[in-house]
Amino acid sequence: MFNVSLKNVFRNKVRTVLSVFGIVIGVAAIIVLVSIVDGLSADVEKAIGAVQGIRVVGSSGDPVFSRVDASLVNELDSFPGVQVAVPMIIGAPGLIDGEVFSYGSIRVVGLDFARQKRARSSAFSGELVEGSEIKPGDTAVAVIGKGLKDSLGKFNGQSITINNHKLRIIGVYSSGSDFLDSSIVVPLVDAREIFSFPAGKVSAFLLEARDVAETENIVKRLNFKYEGEIVALSTSDLSDQFGSIIGSFRLLVFFVAGISSIVAGVGIINTMLMSVVERFKEIGVLKAVGWTNSKIMQMIMLESILISFFGGLSGVIVGFSVSSAIQAFFGLKTLVSPLLLFEVFAFAFLLGIIGGIYPALVASKMDPVEALRFE
């Protein structure tokens, strides 16, 4: 049975190759797009996990658009269980050294380093690999991520102009996260000038708990006391929030890329129907010599499954290769998990089964007498 089906599949090589190619495109598209989303997710999850503490933002929930009264810092600083509250201004620069950058590709994080000095851990994760840290009272200076240093071609001691505000690079840090390594850390006063930030306002506060075990309780008390005014989020809250967003986006990407695979499935149906029509008389002969309807169906189904198998396997190889190439040549982190490869291959295999059902039924219901008369 297998040898017969394999031979039938390659009777019309062009048609078979086109059907396989359609599946390859769909499978590869799913792997590439989902791997990019998963890579981004893993990178940001790593970044969130690296920054310990409680983030307090305005009611918008997004620190880039958040505006919180800076005077709130004293209340937060003395809040039960809080070690220190560090004001932050976070923004996305439009111009760096006169060059326009897309929104969100680079972040500028301004910190109150006088308060940061009182914290046990850094408000911004990363290990200093060159130069020195920003000290309380420093102005017009910056510490940049290693990834940004490499992409901009900067080096320690060189100047960098952000939104027409000139700063001197005094240090370079590395966090192991592409997301964090694309940031620029500056003193709070410089961030205010860079973004023309309103006086008496900040983007957010980063709170450090005296006892890490009390973090969730502090978050609950803060949200209860300042309901409607601010939103307090722990690291786990941020992780859950981001995970939910990425999960929805991953599903959307899978759905969009899956449409091309469904089109490929329709191609399988068309290929198999054409094959059945062309072999109308041959199938009649098989039924005349004793082949049952069930055996005819098995033959056609196996042919359809073989097409999807070759297409799925080739698509997995192409998708994995393209995903790896994107990471190697474009620096965009991708993540191809064994589960993703299995899911996509199983999806292609399922397309073969579904695509073969109708042509198999058509072939099995043929009248052998009419089929033998067919010219």
# chains A, B, ... in the order shown; residues from 1 in each chain; ligands from 1
$ residues_around --residues "Thr215 (chain A)" --least-positions-apart "4" --cutoff "8 Å" --atoms "only C-alpha atoms" --output "PyMOL selection string"
chain A and resi 53-54+209+211+219+234
$ residues_around --residues "region 27-31 of chain A" --least-positions-apart "4" --cutoff "8 Å" --atoms "only C-alpha atoms" --output "PDB file with C-alpha atoms, in the first residue's frame"
ATOM      1  CA  ILE A  23       2.598  23.759   3.028  1.00  0.00           C
ATOM      2  CA  SER A  35       9.734  32.304  17.246  1.00  0.00           C
ATOM      3  CA  VAL A 253       0.354  35.524  14.894  1.00  0.00           C
ATOM      4  CA  PHE A 254      -0.345  31.773  14.813  1.00  0.00           C
ATOM      5  CA  ALA A 257       0.276  32.598   9.614  1.00  0.00           C
ATOM      6  CA  GLY A 258      -2.065  29.613   9.824  1.00  0.00           C
ATOM      7  CA  SER A 261      -1.467  26.802   5.802  1.00  0.00           C
ATOM      8  CA  GLY A 312       5.577  19.759   7.042  1.00  0.00           C
ATOM      9  CA  GLY A 315       8.626  23.637   6.363  1.00  0.00           C
ATOM     10  CA  VAL A 316      10.093  22.860   9.797  1.00  0.00           C
ATOM     11  CA  ILE A 317      13.613  22.809   8.340  1.00  0.00           C
ATOM     12  CA  VAL A 318      13.086  26.043   6.381  1.00  0.00           C
ATOM     13  CA  GLY A 319      11.362  27.796   9.293  1.00  0.00           C
ATOM     14  CA  PHE A 320      14.098  26.835  11.756  1.00  0.00           C
ATOM     15  CA  SER A 323      14.584  31.917  12.278  1.00  0.00           C
ATOM     16  CA  VAL A 336      12.335  27.989  18.472  1.00  0.00           C
ATOM     17  CA  LEU A 340       6.611  24.769  18.593  1.00  0.00           C
ATOM     18  CA  LEU A 341       8.173  22.490  15.963  1.00  0.00           C
ATOM     19  CA  VAL A 344       3.463  23.082  13.600  1.00  0.00           C
ATOM     20  CA  PHE A 345       4.383  19.684  12.167  1.00  0.00           C
ATOM     21  CA  ALA A 348       0.637  20.180   8.757  1.00  0.00           C
TER      22      ALA A 348
END
$ residues_around --residues "region 185-190 of chain A" --least-positions-apart "4" --cutoff "6 Å" --atoms "only C-alpha atoms" --output "mmCIF file with C-alpha atoms, in the first residue's frame"
data_model
loop_
_atom_site.group_PDB
_atom_site.id
_atom_site.type_symbol
_atom_site.label_atom_id
_atom_site.label_comp_id
_atom_site.auth_asym_id
_atom_site.auth_seq_id
_atom_site.Cartn_x
_atom_site.Cartn_y
_atom_site.Cartn_z
ATOM 1 C CA VAL A 108 15.828 56.627 28.189
ATOM 2 C CA VAL A 109 15.529 56.002 31.933
ATOM 3 C CA GLY A 110 16.125 58.928 34.271
ATOM 4 C CA LEU A 111 16.754 58.116 37.945
ATOM 5 C CA ASP A 112 17.165 60.068 41.174
ATOM 6 C CA ALA A 142 24.815 58.761 30.616
ATOM 7 C CA VAL A 143 25.405 55.044 31.002
#
$ residues_around --residues "region 79-83 of chain A" --least-positions-apart "4" --cutoff "8 Å" --atoms "only C-alpha atoms" --output "PyMOL selection string"
chain A and resi 75+119+207-211+214+218
$ write_last_selection --atoms "C-alpha atoms" --output "mmCIF file, in the first residue's frame"
data_model
loop_
_atom_site.group_PDB
_atom_site.id
_atom_site.type_symbol
_atom_site.label_atom_id
_atom_site.label_comp_id
_atom_site.auth_asym_id
_atom_site.auth_seq_id
_atom_site.Cartn_x
_atom_site.Cartn_y
_atom_site.Cartn_z
ATOM 1 C CA GLU A 75 4.688 59.551 51.326
ATOM 2 C CA ALA A 119 18.675 51.130 47.918
ATOM 3 C CA LEU A 207 10.030 51.050 45.516
ATOM 4 C CA GLU A 208 12.294 48.680 47.370
ATOM 5 C CA ALA A 209 10.743 46.663 50.195
ATOM 6 C CA ARG A 210 12.623 46.178 53.453
ATOM 7 C CA ASP A 211 11.536 42.535 53.386
ATOM 8 C CA GLU A 214 6.282 41.481 52.095
ATOM 9 C CA ILE A 218 2.806 46.285 50.249
#
$ atom_distance --atom1 "CA of Ala70 (chain A)" --atom2 "CA of Ile90 (chain A)"
13.7 Å
$ closest_residue --among "A:Gly176, A:Gly200, A:Gly356, A:Gly131" --to "Ser304 (chain A)" --atoms "only C-alpha atoms"
A:Gly356
$ select_by_dssp --residues "region 109-241 of chain A" --states "alpha helix (DSSP H)" --output "PyMOL selection string"
chain A and resi 113-116+146-152+188-194+215-225+235-241
$ atom_distance --atom1 "CA of Ala264 (chain A)" --atom2 "CA of Leu361 (chain A)"
20.0 Å
$ closest_residue --among "A:Ile296, A:Ile106, A:Leu251, A:Leu152" --to "Glu282 (chain A)" --atoms "only C-alpha atoms"
A:Ile296
$ select_by_dssp --residues "region 49-282 of chain A" --states "strand (DSSP E or B)" --output "JSON list (two decimals) with C-alpha atoms, in the first residue's frame"
[["chain", "number", "residue", "atom", "x", "y", "z"],
["A", 54, "ILE", "CA", 7.58, 47.54, 43.19],
["A", 55, "ARG", "CA", 6.75, 49.86, 40.31],
["A", 56, "VAL", "CA", 4.27, 52.65, 40.99],
["A", 57, "VAL", "CA", 2.80, 54.38, 37.93],
["A", 68, "VAL", "CA", 2.60, 61.05, 38.74],
["A", 69, "ASP", "CA", 3.06, 63.87, 41.27],
["A", 82, "VAL", "CA", 9.20, 50.47, 52.08],
["A", 83, "GLN", "CA", 12.99, 50.88, 52.21],
["A", 84, "VAL", "CA", 13.21, 53.67, 49.63],
["A", 85, "ALA", "CA", 11.21, 55.20, 46.77],
["A", 86, "VAL", "CA", 13.19, 56.17, 43.66],
["A", 87, "PRO", "CA", 11.57, 58.64, 41.21],
["A", 88, "MET", "CA", 11.92, 57.76, 37.51],
["A", 89, "ILE", "CA", 11.27, 59.46, 34.18],
["A", 90, "ILE", "CA", 11.01, 57.02, 31.28],
["A", 91, "GLY", "CA", 10.65, 57.98, 27.66],
["A", 95, "LEU", "CA", 16.31, 61.76, 17.84],
["A", 96, "ILE", "CA", 19.75, 60.45, 18.73],
["A", 99, "GLU", "CA", 19.02, 60.44, 13.53],
["A", 100, "VAL", "CA", 15.34, 59.55, 13.80],
["A", 107, "ARG", "CA", 14.37, 53.85, 26.05],
["A", 108, "VAL", "CA", 15.83, 56.63, 28.19],
["A", 109, "VAL", "CA", 15.53, 56.00, 31.93],
["A", 110, "GLY", "CA", 16.12, 58.93, 34.27],
["A", 111, "LEU", "CA", 16.75, 58.12, 37.95],
["A", 127, "GLU", "CA", 26.65, 44.86, 35.25],
["A", 128, "LEU", "CA", 28.99, 47.77, 34.54],
["A", 129, "VAL", "CA", 31.53, 46.54, 31.96],
["A", 130, "GLU", "CA", 33.18, 49.87, 31.11],
["A", 131, "GLY", "CA", 33.66, 53.23, 32.83],
["A", 141, "VAL", "CA", 26.12, 62.14, 31.73],
["A", 142, "ALA", "CA", 24.81, 58.76, 30.62],
["A", 143, "VAL", "CA", 25.40, 55.04, 31.00],
["A", 144, "ILE", "CA", 24.33, 53.07, 27.94],
["A", 145, "GLY", "CA", 23.60, 49.39, 27.29],
["A", 159, "SER", "CA", 29.20, 62.31, 23.65],
["A", 160, "ILE", "CA", 25.64, 61.42, 22.66],
["A", 161, "THR", "CA", 22.88, 63.89, 21.80],
["A", 162, "ILE", "CA", 19.32, 62.84, 22.68],
["A", 165, "HIS", "CA", 20.32, 67.40, 24.69],
["A", 166, "LYS", "CA", 24.04, 66.57, 24.78],
["A", 167, "LEU", "CA", 25.38, 64.03, 27.29],
["A", 168, "ARG", "CA", 28.74, 62.39, 27.93],
["A", 169, "ILE", "CA", 28.90, 58.60, 28.07],
["A", 170, "ILE", "CA", 30.70, 57.64, 31.29],
["A", 171, "GLY", "CA", 29.85, 53.93, 31.41],
["A", 172, "VAL", "CA", 28.57, 50.88, 29.57],
["A", 173, "TYR", "CA", 26.50, 48.12, 31.18],
["A", 174, "SER", "CA", 25.48, 44.64, 30.11],
["A", 183, "SER", "CA", 18.38, 51.63, 27.09],
["A", 184, "ILE", "CA", 20.18, 54.78, 28.19],
["A", 185, "VAL", "CA", 20.35, 55.60, 31.91],
["A", 186, "VAL", "CA", 20.66, 59.29, 32.82],
["A", 187, "PRO", "CA", 20.16, 61.51, 35.90],
["A", 201, "LYS", "CA", 5.77, 65.22, 37.70],
["A", 202, "VAL", "CA", 7.59, 61.92, 37.15],
["A", 204, "ALA", "CA", 6.93, 56.35, 37.99],
["A", 205, "PHE", "CA", 8.50, 55.36, 41.30],
["A", 206, "LEU", "CA", 10.49, 52.23, 41.94],
["A", 207, "LEU", "CA", 10.03, 51.05, 45.52],
["A", 208, "GLU", "CA", 12.29, 48.68, 47.37],
["A", 209, "ALA", "CA", 10.74, 46.66, 50.20],
["A", 231, "VAL", "CA", -1.22, 51.71, 40.29],
["A", 232, "ALA", "CA", 1.33, 49.60, 42.18],
["A", 233, "LEU", "CA", 2.71, 46.51, 40.46],
["A", 234, "SER", "CA", 5.08, 43.84, 41.74]]
$ atom_distance --atom1 "CA of Ile246 (chain A)" --atom2 "CA of Pro338 (chain A)"
19.0 Å
